$ cat model.csv   # CSV, C-alpha atoms
chain,number,residue,atom,x,y,z
D,1,MET,CA,96.5,-49.5,96.5
D,2,VAL,CA,94.2,-50.0,93.6
D,3,ASN,CA,92.1,-53.1,93.5
D,4,LEU,CA,92.5,-54.2,89.9
D,5,THR,CA,90.3,-57.2,90.3
D,6,THR,CA,87.1,-55.2,91.1
D,7,ASN,CA,87.9,-52.1,89.0
D,8,ILE,CA,88.6,-53.6,85.6
D,9,HIS,CA,87.7,-57.2,85.3
D,10,ALA,CA,84.6,-57.2,87.4
D,11,PRO,CA,82.9,-53.8,87.3
D,12,TYR,CA,79.6,-55.4,88.1
D,13,GLY,CA,80.7,-56.9,91.4
D,14,SER,CA,82.7,-59.8,92.5
D,15,HIS,CA,79.7,-62.2,92.6
D,16,ILE,CA,79.9,-62.4,88.8
D,17,GLU,CA,83.6,-62.9,88.9
D,18,ASP,CA,83.2,-65.8,91.3
D,19,LYS,CA,81.1,-67.6,88.9
D,20,ASN,CA,83.7,-67.3,86.2
D,21,ILE,CA,81.7,-64.9,84.0
D,22,LEU,CA,83.3,-62.3,81.7
D,23,LEU,CA,81.2,-59.5,80.3
D,24,THR,CA,81.8,-58.1,76.9
D,25,THR,CA,79.9,-57.4,73.7
D,26,VAL,CA,79.4,-59.7,70.8
D,27,ASP,CA,81.1,-57.2,68.5
D,28,LYS,CA,84.2,-57.0,70.7
D,29,ILE,CA,84.6,-60.7,70.9
D,30,SER,CA,84.0,-61.4,67.3
D,31,ASN,CA,86.3,-58.6,66.3
D,32,TRP,CA,88.9,-60.0,68.6
D,33,ALA,CA,88.5,-63.4,67.0
D,34,ARG,CA,88.5,-62.1,63.5
D,35,SER,CA,91.6,-59.8,63.9
D,36,SER,CA,93.5,-62.6,65.6
D,37,SER,CA,93.2,-64.9,62.6
D,38,VAL,CA,93.6,-62.9,59.4
D,39,TRP,CA,94.3,-65.3,56.6
D,40,PRO,CA,96.1,-63.5,53.8
D,41,PHE,CA,95.7,-64.3,50.2
D,42,THR,CA,98.9,-65.4,48.4
D,43,PHE,CA,99.1,-62.5,46.1
D,44,GLY,CA,102.7,-61.7,45.2
D,45,LEU,CA,102.9,-59.7,42.0
D,46,ALA,CA,106.4,-58.3,41.9
D,47,CYS,CA,109.4,-57.8,44.2
D,48,CYS,CA,107.2,-56.8,47.1
D,49,ALA,CA,106.3,-60.5,47.2
D,50,ILE,CA,109.8,-61.3,48.3
D,51,GLU,CA,109.4,-59.1,51.3
D,52,MET,CA,106.0,-60.6,52.0
D,53,MET,CA,107.5,-64.1,51.9
D,54,ALA,CA,110.3,-62.9,54.3
D,55,THR,CA,107.6,-61.5,56.6
D,56,GLY,CA,105.9,-64.9,56.6
D,57,ALA,CA,109.2,-66.8,57.2
D,58,PRO,CA,110.6,-67.6,60.7
D,59,LYS,CA,112.7,-64.5,61.1
D,60,TYR,CA,109.7,-62.1,61.1
D,61,ASP,CA,107.2,-64.8,61.7
D,62,LEU,CA,103.8,-63.4,60.7
D,63,ASP,CA,102.1,-66.2,62.6
D,64,ARG,CA,102.8,-64.2,65.8
D,65,PHE,CA,99.9,-61.9,64.7
D,66,GLY,CA,97.7,-64.8,63.5
D,67,ALA,CA,98.2,-63.7,59.9
D,68,GLY,CA,100.7,-66.3,58.7
D,69,VAL,CA,98.2,-68.8,57.1
D,70,PHE,CA,98.7,-67.8,53.4
D,71,ARG,CA,95.9,-69.3,51.4
D,72,ALA,CA,96.1,-70.0,47.7
D,73,SER,CA,92.3,-69.5,47.2
D,74,PRO,CA,90.2,-66.4,47.5
D,75,ARG,CA,87.4,-68.5,49.1
D,76,GLN,CA,89.5,-69.1,52.2
D,77,SER,CA,91.2,-65.8,52.7
D,78,ASP,CA,90.2,-62.6,54.6
D,79,LEU,CA,93.0,-60.3,53.5
D,80,MET,CA,94.4,-59.5,50.1
D,81,ILE,CA,97.9,-58.1,50.4
D,82,VAL,CA,98.5,-56.6,46.9
D,83,ALA,CA,102.2,-57.0,46.9
D,84,GLY,CA,103.7,-55.5,43.8
D,85,THR,CA,103.1,-53.8,40.4
D,86,VAL,CA,99.5,-54.2,39.2
D,87,VAL,CA,99.4,-54.2,35.4
D,88,ILE,CA,96.2,-53.4,33.7
D,89,LYS,CA,95.8,-57.0,32.5
D,90,MET,CA,96.0,-58.1,36.1
D,91,ALA,CA,93.6,-55.4,37.3
D,92,LEU,CA,90.7,-57.3,35.8
D,93,ARG,CA,91.8,-60.5,37.6
D,94,ILE,CA,92.2,-58.6,40.8
D,95,GLU,CA,88.6,-57.3,40.6
D,96,ARG,CA,87.3,-60.8,40.1
D,97,LEU,CA,89.4,-62.4,42.8
D,98,PHE,CA,88.4,-59.7,45.3
D,99,ALA,CA,84.8,-60.4,44.4
D,100,GLN,CA,85.4,-64.1,45.1
D,101,MET,CA,86.6,-63.4,48.7
D,102,PRO,CA,84.0,-63.9,51.4
D,103,GLU,CA,83.0,-60.9,53.4
D,104,PRO,CA,84.3,-59.4,55.6
D,105,ARG,CA,87.4,-58.9,53.5
D,106,TYR,CA,90.3,-56.5,53.7
D,107,VAL,CA,92.9,-55.2,51.3
D,108,ILE,CA,96.5,-54.0,52.1
D,109,SER,CA,98.2,-52.1,49.3
D,110,MET,CA,101.8,-53.0,49.8
D,111,GLY,CA,104.5,-50.8,48.3
D,112,ALA,CA,104.7,-47.8,46.0
D,113,CYS,CA,103.5,-49.6,42.8
D,114,ALA,CA,100.3,-51.0,44.3
D,115,THR,CA,99.6,-47.6,46.0
D,116,ASN,CA,100.0,-45.3,43.0
D,117,GLY,CA,102.0,-46.9,40.3
D,118,GLY,CA,105.4,-46.2,41.9
D,119,PRO,CA,108.2,-45.7,39.4
D,120,TYR,CA,105.8,-46.4,36.5
D,121,TRP,CA,103.6,-43.5,37.5
D,122,GLN,CA,104.4,-41.3,34.5
D,123,HIS,CA,105.5,-43.5,31.6
D,124,GLY,CA,104.1,-46.9,32.5
D,125,TYR,CA,101.3,-47.3,30.0
D,126,HIS,CA,100.7,-50.8,31.2
D,127,VAL,CA,100.6,-50.2,34.9
D,128,LEU,CA,97.5,-49.4,37.0
D,129,LYS,CA,98.1,-46.2,38.8
D,130,GLY,CA,97.0,-47.5,42.2
D,131,VAL,CA,95.1,-50.6,43.0
D,132,ASP,CA,92.4,-48.4,44.7
D,133,ARG,CA,91.1,-47.7,41.2
D,134,VAL,CA,89.6,-51.2,41.1
D,135,ILE,CA,89.2,-52.4,44.7
D,136,PRO,CA,88.8,-50.5,48.1
D,137,VAL,CA,92.0,-50.4,50.1
D,138,ASP,CA,92.1,-50.5,53.9
D,139,VAL,CA,95.8,-49.9,54.7
D,140,TYR,CA,98.5,-48.5,52.5
D,141,VAL,CA,102.1,-49.6,53.3
D,142,PRO,CA,104.7,-47.3,51.7
D,143,GLY,CA,108.1,-48.4,50.6
D,144,CYS,CA,109.9,-49.8,47.6
D,145,PRO,CA,109.7,-52.5,48.6
D,146,PRO,CA,108.6,-52.1,52.3
D,147,ARG,CA,110.6,-53.9,54.8
D,148,PRO,CA,108.9,-56.8,56.7
D,149,GLU,CA,108.6,-54.5,59.8
D,150,ALA,CA,106.6,-52.1,57.6
D,151,LEU,CA,104.2,-54.8,56.4
D,152,ILE,CA,103.8,-56.0,60.0
D,153,GLU,CA,102.9,-52.5,61.1
D,154,GLY,CA,100.4,-52.4,58.2
D,155,ILE,CA,98.8,-55.6,59.5
D,156,MET,CA,98.7,-54.4,63.1
D,157,LEU,CA,97.0,-51.2,61.9
D,158,LEU,CA,94.5,-53.3,60.0
D,159,GLN,CA,93.9,-55.3,63.2
D,160,LYS,CA,93.3,-52.1,65.1
D,161,LYS,CA,90.8,-51.0,62.4
D,162,MET,CA,89.1,-54.4,62.7
D,163,MET,CA,88.8,-54.0,66.5
D,164,LYS,CA,86.8,-50.8,66.0
D,165,GLU,CA,84.1,-52.5,63.8
D,166,LYS,CA,80.5,-52.9,64.9
D,167,ARG,CA,79.2,-55.4,62.5
D,168,ILE,CA,76.9,-57.2,64.8
D,169,THR,CA,75.4,-54.0,66.2
D,170,GLU,CA,74.9,-52.7,62.7
D,171,LYS,CA,73.2,-55.8,61.6
D,172,PHE,CA,70.7,-55.9,64.4
D,173,THR,CA,70.0,-52.2,64.7
D,174,HIS,CA,70.0,-51.6,60.9
D,175,GLY,CA,72.7,-49.1,61.5
D,176,HIS,CA,70.6,-46.8,63.6
D,177,PRO,CA,73.0,-44.1,65.0
D,178,ARG,CA,71.6,-44.4,68.5
D,179,TYR,CA,73.2,-47.8,69.0
D,180,LEU,CA,76.6,-47.2,67.3
M,1,MET,CA,133.4,-67.2,10.8
M,2,ASP,CA,133.3,-63.4,11.0
M,3,ILE,CA,130.7,-61.2,9.4
M,4,GLN,CA,132.7,-60.6,6.2
M,5,ASP,CA,132.9,-64.3,5.5
M,6,ILE,CA,129.2,-64.7,6.2
M,7,TYR,CA,128.4,-61.8,3.9
M,8,LYS,CA,130.6,-63.4,1.1
M,9,ASN,CA,128.9,-66.7,1.6
M,10,LEU,CA,125.4,-65.1,1.3
M,11,LYS,CA,126.5,-62.9,-1.7
M,12,SER,CA,127.7,-65.9,-3.7
M,13,LYS,CA,124.2,-67.4,-3.3
M,14,PHE,CA,121.9,-64.5,-3.4
M,15,GLY,CA,123.8,-61.8,-5.2
M,16,ASP,CA,124.5,-58.4,-3.7
M,17,ASP,CA,121.6,-56.2,-4.9
M,18,LYS,CA,119.3,-57.4,-2.1
M,19,LEU,CA,122.0,-57.7,0.6
M,20,ASN,CA,124.1,-55.0,2.2
M,21,LEU,CA,126.8,-55.2,4.8
M,22,GLU,CA,127.0,-52.3,7.2
M,23,GLU,CA,130.3,-52.4,9.1
M,24,ILE,CA,130.3,-50.5,12.4
M,25,GLN,CA,132.8,-51.2,15.1
M,26,LYS,CA,131.6,-54.3,17.0
M,27,ASP,CA,128.1,-53.8,15.7
M,28,SER,CA,128.2,-54.8,12.1
M,29,TYR,CA,125.0,-56.1,10.6
M,30,ILE,CA,123.7,-57.4,7.3
M,31,GLU,CA,120.7,-55.7,5.7
M,32,VAL,CA,118.4,-58.0,3.9
M,33,SER,CA,115.5,-57.2,1.6
M,34,LYS,CA,112.3,-58.7,2.9
M,35,ASP,CA,111.4,-60.7,-0.2
M,36,ILE,CA,114.5,-62.9,0.2
M,37,LEU,CA,114.5,-63.0,4.0
M,38,LEU,CA,113.0,-66.4,4.3
M,39,SER,CA,115.4,-68.1,1.9
M,40,VAL,CA,118.4,-66.3,3.5
M,41,CYS,CA,117.3,-67.5,6.9
M,42,GLN,CA,116.8,-71.1,5.7
M,43,HIS,CA,120.3,-70.9,4.1
M,44,LEU,CA,121.9,-69.5,7.3
M,45,ARG,CA,120.4,-72.3,9.3
M,46,ASP,CA,121.2,-75.2,7.0
M,47,GLN,CA,124.4,-74.4,5.3
M,48,GLU,CA,127.2,-76.5,6.7
M,49,SER,CA,129.7,-73.7,7.4
M,50,LEU,CA,127.0,-71.4,8.9
M,51,LEU,CA,124.6,-73.5,11.0
M,52,PHE,CA,122.8,-70.7,12.8
M,53,ASP,CA,120.7,-73.0,14.9
M,54,SER,CA,119.5,-70.5,17.4
M,55,LEU,CA,117.4,-67.4,16.9
M,56,VAL,CA,118.3,-65.3,20.0
M,57,CYS,CA,116.0,-62.3,19.5
M,58,VAL,CA,113.6,-60.6,17.2
M,59,SER,CA,113.0,-57.0,17.8
M,60,GLY,CA,111.6,-53.9,16.2
M,61,VAL,CA,112.8,-50.3,15.9
M,62,HIS,CA,110.8,-47.3,15.0
M,63,TYR,CA,112.4,-44.2,13.5
M,64,PRO,CA,109.5,-41.7,13.5
M,65,SER,CA,108.7,-39.1,10.8
M,66,THR,CA,110.9,-36.5,12.5
M,67,HIS,CA,113.9,-38.7,11.8
M,68,GLU,CA,116.0,-38.0,8.6
M,69,LYS,CA,115.2,-41.5,7.4
M,70,PRO,CA,111.8,-42.5,8.9
M,71,ARG,CA,111.3,-46.2,8.9
M,72,PHE,CA,110.6,-49.4,10.8
M,73,GLU,CA,113.3,-52.0,11.2
M,74,VAL,CA,113.1,-55.6,12.3
M,75,VAL,CA,116.3,-57.0,13.8
M,76,TYR,CA,117.2,-60.7,14.1
M,77,HIS,CA,120.0,-61.8,16.3
M,78,LEU,CA,121.3,-65.2,15.4
M,79,PHE,CA,123.8,-67.5,17.1
M,80,SER,CA,125.3,-70.8,16.1
M,81,TYR,CA,126.0,-73.3,18.9
M,82,ALA,CA,127.9,-75.5,16.4
M,83,HIS,CA,130.4,-72.8,15.3
M,84,LYS,CA,130.1,-70.3,18.1
M,85,HIS,CA,129.6,-67.4,15.8
M,86,LYS,CA,126.8,-64.8,15.7
M,87,LEU,CA,125.1,-62.5,13.3
M,88,VAL,CA,122.7,-59.6,13.2
M,89,LEU,CA,120.3,-59.3,10.4
M,90,LYS,CA,118.2,-56.3,9.7
M,91,VAL,CA,115.1,-55.8,7.5
M,92,ILE,CA,114.1,-52.3,6.7
M,93,LEU,CA,110.4,-51.5,6.2
M,94,GLY,CA,109.2,-48.1,5.0
M,95,LEU,CA,106.7,-46.1,7.1
M,96,ASP,CA,104.1,-45.8,4.4
M,97,GLN,CA,103.9,-49.3,3.1
M,98,ASP,CA,101.8,-51.8,4.9
M,99,LEU,CA,103.9,-53.2,7.7
M,100,SER,CA,104.3,-56.8,6.8
M,101,ILE,CA,107.2,-59.2,6.7
M,102,PRO,CA,107.5,-63.0,6.2
M,103,SER,CA,107.5,-64.9,9.5
M,104,VAL,CA,110.6,-67.0,10.1
M,105,GLU,CA,108.7,-69.4,12.3
M,106,THR,CA,109.1,-72.2,9.7
M,107,VAL,CA,112.9,-71.8,10.1
M,108,TRP,CA,113.1,-71.4,13.9
M,109,LYS,CA,110.1,-72.5,15.9
M,110,GLY,CA,111.1,-70.1,18.7
M,111,ALA,CA,110.3,-67.1,16.4
M,112,ASN,CA,106.6,-67.6,17.3
M,113,TRP,CA,106.6,-65.7,20.6
M,114,LEU,CA,109.4,-63.3,19.6
M,115,GLU,CA,107.4,-62.2,16.5
M,116,ARG,CA,104.2,-62.0,18.6
M,117,GLU,CA,106.0,-59.6,20.9
M,118,THR,CA,107.2,-57.4,18.0
M,119,PHE,CA,103.7,-57.4,16.6
M,120,ASP,CA,102.3,-56.4,20.0
M,121,MET,CA,104.7,-53.5,20.5
M,122,TYR,CA,105.1,-52.2,16.9
M,123,GLY,CA,102.1,-53.5,14.9
M,124,ILE,CA,104.3,-55.2,12.4
M,125,ALA,CA,102.4,-58.1,10.8
M,126,PHE,CA,104.3,-61.3,10.3
M,127,GLU,CA,102.9,-63.2,7.3
M,128,ASN,CA,102.1,-66.9,7.7
M,129,HIS,CA,102.6,-66.7,11.4
M,130,SER,CA,100.7,-69.6,13.0
M,131,ASP,CA,99.2,-67.6,15.9
M,132,LEU,CA,99.6,-63.8,15.5
M,133,ARG,CA,98.0,-62.4,18.6
M,134,ARG,CA,99.2,-59.9,21.2
M,135,ILE,CA,101.4,-61.5,23.8
M,136,LEU,CA,101.8,-59.0,26.6
M,137,CYS,CA,99.1,-56.3,26.3
M,138,PRO,CA,95.5,-57.4,26.7
M,139,ASP,CA,93.9,-58.7,23.4
M,140,ASP,CA,91.7,-55.6,23.1
M,141,TRP,CA,94.4,-53.1,23.8
M,142,GLU,CA,94.5,-50.1,21.4
M,143,GLY,CA,97.7,-48.9,19.7
M,144,TYR,CA,101.2,-50.2,19.7
M,145,PRO,CA,103.1,-49.0,22.8
M,146,LEU,CA,106.7,-48.9,21.5
M,147,ARG,CA,106.0,-46.7,18.5
M,148,LYS,CA,107.4,-43.2,19.0
M,149,ASP,CA,104.0,-41.5,18.3
M,150,TYR,CA,102.1,-43.8,20.7
M,151,LYS,CA,99.5,-42.1,22.9
M,152,VAL,CA,98.1,-44.3,25.7
M,153,GLN,CA,94.4,-44.8,25.7
M,154,GLU,CA,92.3,-42.9,28.3
M,155,LYS,CA,90.4,-45.9,29.5
M,156,TYR,CA,90.7,-49.6,29.2
M,157,ARG,CA,87.2,-51.0,29.6
M,158,HIS,CA,86.0,-49.4,32.8
M,159,ILE,CA,89.4,-48.8,34.2
M,160,LYS,CA,91.1,-45.4,34.0
M,161,VAL,CA,94.6,-45.9,32.5
M,162,THR,CA,96.1,-42.4,32.4
M,163,MET,CA,97.2,-40.6,35.6
$ encode --input "model.csv" --output "structure tokens"
Amino acid sequence: MVNLTTNIHAPYGSHIEDKNILLTTVDKISNWARSSSVWPFTFGLACCAIEMMATGAPKYDLDRFGAGVFRASPRQSDLMIVAGTVVIKMALRIERLFAQMPEPRYVISMGACATNGGPYWQHGYHVLKGVDRVIPVDVYVPGCPPRPEALIEGIMLLQKKMMKEKRITEKFTHGHPRYL
Amino acid sequence: MDIQDIYKNLKSKFGDDKLNLEEIQKDSYIEVSKDILLSVCQHLRDQESLLFDSLVCVSGVHYPSTHEKPRFEVVYHLFSYAHKHKLVLKVILGLDQDLSIPSVETVWKGANWLERETFDMYGIAFENHSDLRRILCPDDWEGYPLRKDYKVQEKYRHIKVTM
């Protein structure tokens, strides 16, 4: 019989556990906090927005992942879900809004249009052929439009990515590879 | 009123050298010369038996130089809520002349945005329009997208446009 208590939760001995102490790194706990409360930016541009709204609504309930607090201001949001066709006129606004978001900030490109222009790829003179031409994208969600499950998977992938970050370590070691 | 009666009405007022009735099954239209367009529109709106109080649509058509009759057209779709009849007016502009046509904004206020859209897509200038700017494309966009010989620009500011 494996003793779970000593093996996993208290690798440094039970005397620490008795005093209600938990050992972790600052990076891990801040990543955990950050990835558990991703506030998306209300950014519906086309029909993908309907699926994004459905994802936020009770049936799919994005709040289960801590990502249901849609903000109408870039200043309060962590995640820009680019949901829909990006026209070139909008691309300039996207750049500016992305710049207005506080760091750390993330981008999900939702659907075919935002990813590479989708059906407007060849003849759409007015469509930006992929939002990654103006802002960096973390996760691409394929589909036209993607179902809510797909968007949720995209958000879970992003959360996994966030958990791997070492922002605090990088800050205090100036990115020296020995500590990363 | 059907289109023959409307044509007769217009002919009695403006003569028939600047008007032309084209009868096609279900798609008949009246061709108008651009110098009498404004007075024809005013007449169509105000004449008791016509009362075209609604301008439904203004659109442009481009027949490029490969066409047997290369030209630009501006098409006006009218509807009368009073009499429940409708009419299609066309104005033909040559390719070589400067593309200008009187604005009908003074007749129907709603022509403002419709004409701006036609200007945006075809580069047809509407004279005496109160605010002739592009309506859909960015203000500093190059070219007119719905022309048949349109080539999209390589870059818009710092953004690559073409694939």
$ interface_residues --input "model.csv" --of "chain M" --to "chain D" --cutoff "12 Å" --atoms "only C-alpha atoms" --output "list in words"
Met121, Ile135, Leu136, Cys137, Pro138, Asp139, Asp140, Trp141, Glu142, Gly143, Tyr144, Pro145, Leu146, Tyr150, Lys151, Val152, Gln153, Glu154, Lys155, Tyr156, Arg157, His158, Ile159, Lys160, Val161, Thr162 and Met163 of chain M
$ atom_distance --input "model.csv" --atom1 "atom CA of M:Lys34" --atom2 "atom CA of M:Asp2"
23.0 Å
$ closest_residue --input "model.csv" --among "D:Pro145, D:Gly154, D:Pro177, D:Pro102" --to "D:Glu51" --atoms "only C-alpha atoms"
D:Pro145
$ closest_residue --input "model.csv" --among "D:Thr115, D:Thr25, D:Gln100, D:Asn20" --to "D:Val137" --atoms "only C-alpha atoms"
D:Thr115
$ residues_around --input "model.csv" --residues "D:Leu45" --least-positions-apart "3" --cutoff "8 Å" --atoms "only C-alpha atoms" --output "PyMOL selection string"
chain D and resi 48-49+82-86
$ atom_distance --input "model.csv" --atom1 "atom CA of M:Ser33" --atom2 "atom CA of M:Leu132"
22.1 Å
$ residues_around --input "model.csv" --residues "M:Ile3" --least-positions-apart "5" --cutoff "10 Å" --atoms "all atoms listed in the file" --output "PyMOL selection string"
chain M and resi 8-9+21-23+28-30+85-88
$ write_last_selection --input "model.csv" --atoms "C-alpha atoms" --output "mmCIF file, keeping the file's coordinate frame"
data_model
loop_
_atom_site.group_PDB
_atom_site.id
_atom_site.type_symbol
_atom_site.label_atom_id
_atom_site.label_comp_id
_atom_site.auth_asym_id
_atom_site.auth_seq_id
_atom_site.Cartn_x
_atom_site.Cartn_y
_atom_site.Cartn_z
ATOM 1 C CA LYS M 8 130.600 -63.400 1.100
ATOM 2 C CA ASN M 9 128.900 -66.700 1.600
ATOM 3 C CA LEU M 21 126.800 -55.200 4.800
ATOM 4 C CA GLU M 22 127.000 -52.300 7.200
ATOM 5 C CA GLU M 23 130.300 -52.400 9.100
ATOM 6 C CA SER M 28 128.200 -54.800 12.100
ATOM 7 C CA TYR M 29 125.000 -56.100 10.600
ATOM 8 C CA ILE M 30 123.700 -57.400 7.300
ATOM 9 C CA HIS M 85 129.600 -67.400 15.800
ATOM 10 C CA LYS M 86 126.800 -64.800 15.700
ATOM 11 C CA LEU M 87 125.100 -62.500 13.300
ATOM 12 C CA VAL M 88 122.700 -59.600 13.200
#
$ residues_around --input "model.csv" --residues "D:Glu103" --least-positions-apart "6" --cutoff "12 Å" --atoms "all atoms listed in the file" --output "number ranges by chain"
D: 34, 74-80, 167
$ atom_distance --input "model.csv" --atom1 "atom CA of M:Asp120" --atom2 "atom CA of M:Leu19"
27.7 Å
$ closest_residue --input "model.csv" --among "D:Arg64, D:Arg93, D:Arg71, D:Arg105" --to "D:Met162" --atoms "only C-alpha atoms"
D:Arg105
$ closest_residue --input "model.csv" --among "M:Tyr122, M:Trp113, M:Phe52, M:Trp108" --to "M:Val74" --atoms "all atoms listed in the file"
M:Tyr122
$ closest_residue --input "model.csv" --among "M:Asn20, M:Thr66, M:Gln42, M:Ser80" --to "M:Ser103" --atoms "all atoms listed in the file"
M:Gln42
$ residues_near_point --input "model.csv" --point "(79.7, -60.1, 66.5)" --cutoff "9 Å" --atoms "only C-alpha atoms" --output "JSON, numbers by chain"
{"D": [25, 26, 27, 28, 29, 30, 31, 166, 167, 168, 169]}
$ write_last_selection --input "model.csv" --atoms "C-alpha atoms" --output "PDB file, in the coordinates of the input"
ATOM      1  CA  THR D  25      79.900 -57.400  73.700  1.00  0.00           C
ATOM      2  CA  VAL D  26      79.400 -59.700  70.800  1.00  0.00           C
ATOM      3  CA  ASP D  27      81.100 -57.200  68.500  1.00  0.00           C
ATOM      4  CA  LYS D  28      84.200 -57.000  70.700  1.00  0.00           C
ATOM      5  CA  ILE D  29      84.600 -60.700  70.900  1.00  0.00           C
ATOM      6  CA  SER D  30      84.000 -61.400  67.300  1.00  0.00           C
ATOM      7  CA  ASN D  31      86.300 -58.600  66.300  1.00  0.00           C
ATOM      8  CA  LYS D 166      80.500 -52.900  64.900  1.00  0.00           C
ATOM      9  CA  ARG D 167      79.200 -55.400  62.500  1.00  0.00           C
ATOM     10  CA  ILE D 168      76.900 -57.200  64.800  1.00  0.00           C
ATOM     11  CA  THR D 169      75.400 -54.000  66.200  1.00  0.00           C
TER      12      THR D 169
END
$ closest_residue --input "model.csv" --among "M:Val107, M:Leu50, M:Ile101, M:Leu114" --to "M:Glu127" --atoms "only C-alpha atoms"
M:Ile101
$ residues_around --input "model.csv" --residues "D:Gly143" --least-positions-apart "4" --cutoff "8 Å" --atoms "only C-alpha atoms" --output "list of chain:residue names"
D:Met110, D:Gly111, D:Ala112, D:Arg147
$ residues_near_point --input "model.csv" --point "(112.1, -60.0, 3.4)" --cutoff "10 Å" --atoms "all atoms listed in the file" --output "list in words"
Lys18, Glu31, Val32, Ser33, Lys34, Asp35, Ile36, Leu37, Leu38, Ser39, Val40, Cys41, Val74, Lys90, Val91, Ile92, Leu93, Ser100, Ile101, Pro102, Ser103 and Val104 of chain M
